[in-house]
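K.L.:
I am attaching a structure below and will ask some questions about it afterwards.
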Amino acid sequence: MPDWSSRLHRYRFRSEWLLNAAPAVVYAVLERAEAYPRWWPQVREVTPIDDHSGLARFRSWLPYDLTVVATERIRDPGKGVLEIALRGDMGGWARWTIRPGHGGTRVVFEQDVEVCKPLLRRLALLGRPLFRVNHALMMRAGRRGLAAWLARG
């Protein structure tokens, strides 16, 4: 069983987006991580390292950046799954699952991470509710940005 400290620094997130586009179109956009900064304001940069990994920097409402190396674990267009391993300011994994739904596409984002950035670890007890709100705001902006990007065609 994880100790108290690792539970305090661990976050599990799940977001669901309904989008007015075909699943294959949504998958094609989500698999191009280097283009995320064009439609998702909180994804500040994505720099490819090689064919399967890249450096990403995020910043949402709170005044701190998170920088991670994201490495592809699963890329399966047939199953509609994209999954990455993360290391750096946070470690763990994140997964997109893309399926048909409600006349378009149902996208589920899941993330299981532990915060590694020293400042965020020190602020974990008092900051945890703010960190969760920060993440929710980032995900809401991501859904809006992706919907607008898809609407442009």
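Ligands are numbered from 1 in the order shown, residues from 1 within each chain, and chains are lettered A, B, ... in the order they appear in the structure tokens.
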With a distance cut-off of 12 Å and only C-alpha atoms, select the neighbouring residues of A:Val25, excluding the residue or stretch itself and same-chain residues fewer than 3 positions from it, and output the selection as a PyMOL selection string.
P.N.:
chain A and resi 19-22+28-32+77+80+98-100+104-105+107+146-147+149-151+153
K.L.:
If you count only C-alpha atoms, which residues fall within 10 Å of A:Leu120, apart from same-chain ones fewer than 2 positions away, as a list in words?
P.N.:
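Counting only the stated atoms, we get His9, Tyr64, Leu66, Asp89, Met90, Val115, Cys116, Lys117, Pro118, Arg122, Leu123, Ala124, Leu125, Gly127, Arg128 and Phe131 of chain A.
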K.L.:
Please, what distance in Å, to one decimal, runs between atom CA of A:Val113 and atom CA of A:Ala70?
P.N.:
12.2 Å
K.L.:
For A:Ala33, which residue among A:Glu45, A:Asp112, A:Asp65, A:Asp76 is the nearest when counting only C-alpha atoms?
P.N.:
A:Glu45
K.L.:
Of the residues A:Gly145, A:Arg7, A:Leu137, A:Arg95, which is the one nearest to A:Trp39, using only C-alpha atoms?
P.N.:
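For A:Trp39, the nearest of the candidates is A:Gly145.
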K.L.:
Quick one: everything within 12 Å of A:Met138, counting only C-alpha atoms, minus sequence neighbours fewer than 5 positions away in the same chain. Send it as a PyMOL selection string.
P.N.:
chain A and resi 13+15+40-44+58-62+131-133+143-145
